[in-house]
Amino acid sequence: MLTQLVAGAREDAAARSALLPLDEVMASARAAAPALDALEALAPGDSVKIIAEIKRASPSRGVLADIPEPSALAAQYELGGASAISVLTEGRRFGGSLDDLRAVRASVAVPVLRKDFISVPYQVFEARAAGADIVLLIVAALSDEELSTLYALIEELGMTALVEAHSADEVDRAIGLGARLIGVNARDLSTFELDRDLFGSLAGRMPEGVIRVAESAVRTAADVAHYRDAGADVVLVGEALVTGGDPTQALREFRSV
């Protein structure tokens, strides 16, 4: 599944580059307003930080929510105390787009994460041009050379890489990059199976100074507490917010953990 998702995202990026060449996207990226400091926004504190996700669908669950105005949902997230907003921009299986990212960036004052299957520099430049402050890099989807190249480009453009791992080896690869924001995804992107205890088994490998992010398998405040007790500085929440009735109140409950 991960291989298919990466291949599809790469094909879609190639199609966009045929309409908007790389040099034009590079110029837009470099002319954009400076990225917000995500490391400051997500720095460890007395309470857990939340990255709230705008997510219409997923390969494992299908359609989750109709989100006609991502900017309005993002504003509710910010009101609820989200420290950053994640925007799914993959279109084939998640129903997202860069237009969603642009709309969210224009409506909130907190950092915005482009969550997609990033594998080529073009995607990094268009993320910055669209206003992203954080870009997801999935270790399992990239070779060491690709990971290093994309990470360096993200840093060069003033953004922060959220480097996502799913095993001890992948955490070590993220640490080897010098990543300061490392996520552990409870969902195996090859099988889409969930392991809620994976974060706790890997968090201890991350050195002092790394911001530790727990991703997936969050439905209630008890799930956030589970991750917080296991050492999470930040918890990324998606489905629980888009399928619940009141995302602002849900976020307040999550943050109170």
# chains A, B, ... in the order shown; residues from 1 in each chain; ligands from 1

$ select_by_dssp --residues "range 18-242 of chain A" --states "strand (DSSP E)" --output "VMD selection string"
chain A and resid 49 to 54 57 to 58 62 to 63 84 to 88 112 to 115 134 to 138 160 to 165 181 to 185 211 to 215 234 to 237

$ residues_around --residues "Leu157 in chain A" --least-positions-apart "4" --cutoff "9 Å" --atoms "only C-alpha atoms" --output "ChimeraX atom specification"
/A:29-30,34-35,124-125,128,152-153

$ write_last_selection --atoms "all heavy atoms" --output "PDB file, in the first residue's frame"
ATOM      1  N   ALA A  29       8.341  29.490  -4.080  1.00  0.00           N
ATOM      2  CA  ALA A  29       8.728  29.021  -2.746  1.00  0.00           C
ATOM      3  C   ALA A  29       9.679  29.998  -2.073  1.00  0.00           C
ATOM      4  O   ALA A  29       9.541  30.314  -0.881  1.00  0.00           O
ATOM      5  CB  ALA A  29       9.375  27.643  -2.852  1.00  0.00           C
ATOM      6  N   ARG A  30      10.632  30.499  -2.828  1.00  0.00           N
ATOM      7  CA  ARG A  30      11.629  31.397  -2.253  1.00  0.00           C
ATOM      8  C   ARG A  30      11.054  32.795  -2.002  1.00  0.00           C
ATOM      9  O   ARG A  30      11.582  33.556  -1.182  1.00  0.00           O
ATOM     10  CB  ARG A  30      12.859  31.454  -3.142  1.00  0.00           C
ATOM     11  CG  ARG A  30      13.535  30.085  -3.295  1.00  0.00           C
ATOM     12  CD  ARG A  30      14.915  30.165  -3.899  1.00  0.00           C
ATOM     13  NE  ARG A  30      15.459  28.848  -4.200  1.00  0.00           N
ATOM     14  CZ  ARG A  30      15.979  28.014  -3.316  1.00  0.00           C
ATOM     15  NH1 ARG A  30      16.003  28.361  -2.031  1.00  0.00           N
ATOM     16  NH2 ARG A  30      16.462  26.834  -3.675  1.00  0.00           N
ATOM     17  N   PRO A  34       8.272  33.934   5.207  1.00  0.00           N
ATOM     18  CA  PRO A  34       9.056  32.938   5.952  1.00  0.00           C
ATOM     19  C   PRO A  34       8.168  31.947   6.692  1.00  0.00           C
ATOM     20  O   PRO A  34       7.093  32.296   7.182  1.00  0.00           O
ATOM     21  CB  PRO A  34       9.873  33.790   6.927  1.00  0.00           C
ATOM     22  CG  PRO A  34       9.949  35.137   6.292  1.00  0.00           C
ATOM     23  CD  PRO A  34       8.653  35.320   5.565  1.00  0.00           C
ATOM     24  N   ALA A  35       8.631  30.708   6.760  1.00  0.00           N
ATOM     25  CA  ALA A  35       7.898  29.675   7.482  1.00  0.00           C
ATOM     26  C   ALA A  35       7.876  29.985   8.975  1.00  0.00           C
ATOM     27  O   ALA A  35       8.815  30.568   9.523  1.00  0.00           O
ATOM     28  CB  ALA A  35       8.543  28.313   7.241  1.00  0.00           C
ATOM     29  N   VAL A 124       8.470  19.383  -2.249  1.00  0.00           N
ATOM     30  CA  VAL A 124       8.932  20.234  -1.148  1.00  0.00           C
ATOM     31  C   VAL A 124       8.805  21.710  -1.534  1.00  0.00           C
ATOM     32  O   VAL A 124       8.328  22.534  -0.746  1.00  0.00           O
ATOM     33  CB  VAL A 124      10.379  19.896  -0.759  1.00  0.00           C
ATOM     34  CG1 VAL A 124      10.887  20.850   0.321  1.00  0.00           C
ATOM     35  CG2 VAL A 124      10.484  18.451  -0.279  1.00  0.00           C
ATOM     36  N   PHE A 125       9.220  22.042  -2.751  1.00  0.00           N
ATOM     37  CA  PHE A 125       9.102  23.433  -3.203  1.00  0.00           C
ATOM     38  C   PHE A 125       7.643  23.871  -3.256  1.00  0.00           C
ATOM     39  O   PHE A 125       7.306  24.988  -2.847  1.00  0.00           O
ATOM     40  CB  PHE A 125       9.759  23.602  -4.578  1.00  0.00           C
ATOM     41  CG  PHE A 125      11.261  23.683  -4.542  1.00  0.00           C
ATOM     42  CD1 PHE A 125      12.041  22.668  -5.086  1.00  0.00           C
ATOM     43  CD2 PHE A 125      11.907  24.759  -3.960  1.00  0.00           C
ATOM     44  CE1 PHE A 125      13.422  22.737  -5.054  1.00  0.00           C
ATOM     45  CE2 PHE A 125      13.292  24.845  -3.923  1.00  0.00           C
ATOM     46  CZ  PHE A 125      14.052  23.827  -4.476  1.00  0.00           C
ATOM     47  N   ARG A 128       6.286  24.666   0.248  1.00  0.00           N
ATOM     48  CA  ARG A 128       6.692  25.987   0.738  1.00  0.00           C
ATOM     49  C   ARG A 128       5.939  27.090   0.010  1.00  0.00           C
ATOM     50  O   ARG A 128       5.499  28.073   0.612  1.00  0.00           O
ATOM     51  CB  ARG A 128       8.213  26.170   0.547  1.00  0.00           C
ATOM     52  CG  ARG A 128       8.763  27.497   1.073  1.00  0.00           C
ATOM     53  CD  ARG A 128       8.946  27.505   2.588  1.00  0.00           C
ATOM     54  NE  ARG A 128       7.700  27.689   3.327  1.00  0.00           N
ATOM     55  CZ  ARG A 128       7.181  28.860   3.673  1.00  0.00           C
ATOM     56  NH1 ARG A 128       7.805  29.978   3.337  1.00  0.00           N
ATOM     57  NH2 ARG A 128       6.068  28.935   4.359  1.00  0.00           N
ATOM     58  N   ALA A 152      17.423  18.000   3.820  1.00  0.00           N
ATOM     59  CA  ALA A 152      18.274  19.182   3.654  1.00  0.00           C
ATOM     60  C   ALA A 152      17.528  20.303   2.933  1.00  0.00           C
ATOM     61  O   ALA A 152      17.668  21.486   3.281  1.00  0.00           O
ATOM     62  CB  ALA A 152      19.545  18.813   2.893  1.00  0.00           C
ATOM     63  N   LEU A 153      16.716  19.944   1.946  1.00  0.00           N
ATOM     64  CA  LEU A 153      15.959  20.953   1.200  1.00  0.00           C
ATOM     65  C   LEU A 153      14.900  21.600   2.085  1.00  0.00           C
ATOM     66  O   LEU A 153      14.713  22.826   2.050  1.00  0.00           O
ATOM     67  CB  LEU A 153      15.314  20.314  -0.029  1.00  0.00           C
ATOM     68  CG  LEU A 153      14.472  21.246  -0.911  1.00  0.00           C
ATOM     69  CD1 LEU A 153      15.292  22.430  -1.399  1.00  0.00           C
ATOM     70  CD2 LEU A 153      13.885  20.470  -2.094  1.00  0.00           C
TER      71      LEU A 153
END

$ residues_around --residues "range 51-68 of chain A" --least-positions-apart "5" --cutoff "10 Å" --atoms "only C-alpha atoms" --output "VMD selection string"
chain A and resid 1 5 42 73 to 74 77 to 78 80 to 96 100 to 101 104 111 to 113 115 189 191 to 193 213 to 215 234 to 244 247 251

$ select_by_dssp --residues "range 15-229 of chain A" --states "alpha helix (DSSP H)" --output "PyMOL selection string"
chain A and resi 15-19+22-31+38-41+70-79+98-105+121-129+144-156+168-177+198-202+221-229

$ residues_around --residues "Leu198 in chain A" --least-positions-apart "3" --cutoff "9 Å" --atoms "only C-alpha atoms" --output "list in words"
His166, Ser167, Val184, Asn185, Ala186, Leu194, Asp195, Ser201, Leu202 and Ala203 of chain A

$ atom_distance --atom1 "CA of Asp223 in chain A" --atom2 "CA of Ile182 in chain A"
19.1 Å

$ closest_residue --among "A:Arg180, A:Arg16, A:Arg205, A:Arg196" --to "Ala168 in chain A" --atoms "only C-alpha atoms"
A:Arg205

$ residues_around --residues "range 6-11 of chain A" --least-positions-apart "2" --cutoff "7 Å" --atoms "only C-alpha atoms" --output "ChimeraX atom specification"
/A:2-4,13-15,90,117,119

$ write_last_selection --atoms "N, CA and C atoms" --output "PDB file, in the first residue's frame"
ATOM      1  N   LEU A   2       1.883   1.293   0.830  1.00  0.00           N
ATOM      2  CA  LEU A   2       2.749   2.469   0.872  1.00  0.00           C
ATOM      3  C   LEU A   2       3.413   2.710  -0.477  1.00  0.00           C
ATOM      4  N   THR A   3       3.871   1.643  -1.108  1.00  0.00           N
ATOM      5  CA  THR A   3       4.497   1.767  -2.425  1.00  0.00           C
ATOM      6  C   THR A   3       3.526   2.373  -3.433  1.00  0.00           C
ATOM      7  N   GLN A   4       2.276   1.931  -3.393  1.00  0.00           N
ATOM      8  CA  GLN A   4       1.263   2.460  -4.309  1.00  0.00           C
ATOM      9  C   GLN A   4       0.989   3.940  -4.032  1.00  0.00           C
ATOM     10  N   ALA A  13       2.536  14.589  -8.879  1.00  0.00           N
ATOM     11  CA  ALA A  13       3.488  15.698  -8.857  1.00  0.00           C
ATOM     12  C   ALA A  13       4.065  15.945 -10.246  1.00  0.00           C
ATOM     13  N   ALA A  14       4.330  14.864 -10.975  1.00  0.00           N
ATOM     14  CA  ALA A  14       4.846  15.004 -12.339  1.00  0.00           C
ATOM     15  C   ALA A  14       3.817  15.693 -13.233  1.00  0.00           C
ATOM     16  N   ALA A  15       2.547  15.357 -13.043  1.00  0.00           N
ATOM     17  CA  ALA A  15       1.495  15.997 -13.831  1.00  0.00           C
ATOM     18  C   ALA A  15       1.407  17.487 -13.515  1.00  0.00           C
ATOM     19  N   GLU A  90      -2.796  14.664  -0.305  1.00  0.00           N
ATOM     20  CA  GLU A  90      -2.874  13.572  -1.279  1.00  0.00           C
ATOM     21  C   GLU A  90      -4.318  13.439  -1.761  1.00  0.00           C
ATOM     22  N   PHE A 117       2.791  12.065   0.608  1.00  0.00           N
ATOM     23  CA  PHE A 117       3.821  11.051   0.366  1.00  0.00           C
ATOM     24  C   PHE A 117       4.928  11.706  -0.452  1.00  0.00           C
ATOM     25  N   SER A 119       8.403  12.469  -2.027  1.00  0.00           N
ATOM     26  CA  SER A 119       9.545  11.668  -2.484  1.00  0.00           C
ATOM     27  C   SER A 119      10.429  12.397  -3.487  1.00  0.00           C
TER      28      SER A 119
END

$ residues_around --residues "Ile134 in chain A" --least-positions-apart "4" --cutoff "7 Å" --atoms "only C-alpha atoms" --output "PyMOL selection string"
chain A and resi 38+112-114+159-162

$ atom_distance --atom1 "CA of Gly131 in chain A" --atom2 "CA of Gly178 in chain A"
23.7 Å

$ closest_residue --among "A:Pro207, A:Pro121, A:Pro44, A:Gly245" --to "Ile175 in chain A" --atoms "only C-alpha atoms"
A:Pro207

$ atom_distance --atom1 "CA of Ser256 in chain A" --atom2 "CA of Val108 in chain A"
21.6 Å

$ decode --residues "range 73-93 of chain A" --atoms "N, CA and C atoms" --output "short mmCIF file (atom, residue, chain, number, x, y, z; two decimals), in the first residue's frame"
data_model
loop_
_atom_site.label_atom_id
_atom_site.label_comp_id
_atom_site.auth_asym_id
_atom_site.auth_seq_id
_atom_site.Cartn_x
_atom_site.Cartn_y
_atom_site.Cartn_z
N LEU A 73 -12.73 24.68 9.38
CA LEU A 73 -12.38 23.62 10.32
C LEU A 73 -11.06 23.95 11.01
N ALA A 74 -10.10 24.46 10.25
CA ALA A 74 -8.81 24.83 10.83
C ALA A 74 -8.99 25.91 11.89
N ALA A 75 -9.89 26.86 11.64
CA ALA A 75 -10.14 27.92 12.61
C ALA A 75 -10.72 27.34 13.91
N GLN A 76 -11.57 26.32 13.79
CA GLN A 76 -12.10 25.65 14.98
C GLN A 76 -10.97 24.95 15.74
N TYR A 77 -10.07 24.32 14.98
CA TYR A 77 -8.92 23.66 15.62
C TYR A 77 -8.08 24.66 16.40
N GLU A 78 -7.81 25.80 15.77
CA GLU A 78 -6.99 26.81 16.44
C GLU A 78 -7.70 27.32 17.70
N LEU A 79 -9.02 27.51 17.62
CA LEU A 79 -9.78 27.95 18.77
C LEU A 79 -9.71 26.94 19.91
N GLY A 80 -9.65 25.66 19.54
CA GLY A 80 -9.56 24.60 20.55
C GLY A 80 -8.18 24.44 21.14
N GLY A 81 -7.20 25.16 20.61
CA GLY A 81 -5.86 25.12 21.17
C GLY A 81 -4.86 24.26 20.44
N ALA A 82 -5.15 23.87 19.19
CA ALA A 82 -4.18 23.10 18.42
C ALA A 82 -2.90 23.90 18.24
N SER A 83 -1.76 23.23 18.40
CA SER A 83 -0.47 23.91 18.24
C SER A 83 -0.01 23.94 16.79
N ALA A 84 -0.59 23.09 15.97
CA ALA A 84 -0.30 23.06 14.53
C ALA A 84 -1.46 22.36 13.84
N ILE A 85 -1.59 22.62 12.53
CA ILE A 85 -2.65 22.00 11.73
C ILE A 85 -2.00 21.14 10.65
N SER A 86 -2.41 19.88 10.58
CA SER A 86 -1.95 18.98 9.52
C SER A 86 -2.99 18.94 8.42
N VAL A 87 -2.54 19.08 7.18
CA VAL A 87 -3.45 19.04 6.03
C VAL A 87 -3.02 17.92 5.10
N LEU A 88 -3.91 16.95 4.91
CA LEU A 88 -3.67 15.88 3.93
C LEU A 88 -3.83 16.48 2.54
N THR A 89 -2.77 16.46 1.74
CA THR A 89 -2.86 17.01 0.39
C THR A 89 -2.89 15.94 -0.69
N GLU A 90 -2.80 14.66 -0.31
CA GLU A 90 -2.87 13.57 -1.28
C GLU A 90 -4.32 13.44 -1.76
N GLY A 91 -4.50 13.38 -3.08
CA GLY A 91 -5.85 13.42 -3.63
C GLY A 91 -6.49 12.09 -3.94
N ARG A 92 -5.71 11.09 -4.29
CA ARG A 92 -6.29 9.84 -4.78
C ARG A 92 -7.03 9.06 -3.71
N ARG A 93 -6.42 8.91 -2.55
CA ARG A 93 -7.00 8.08 -1.50
C ARG A 93 -7.44 8.87 -0.27
#
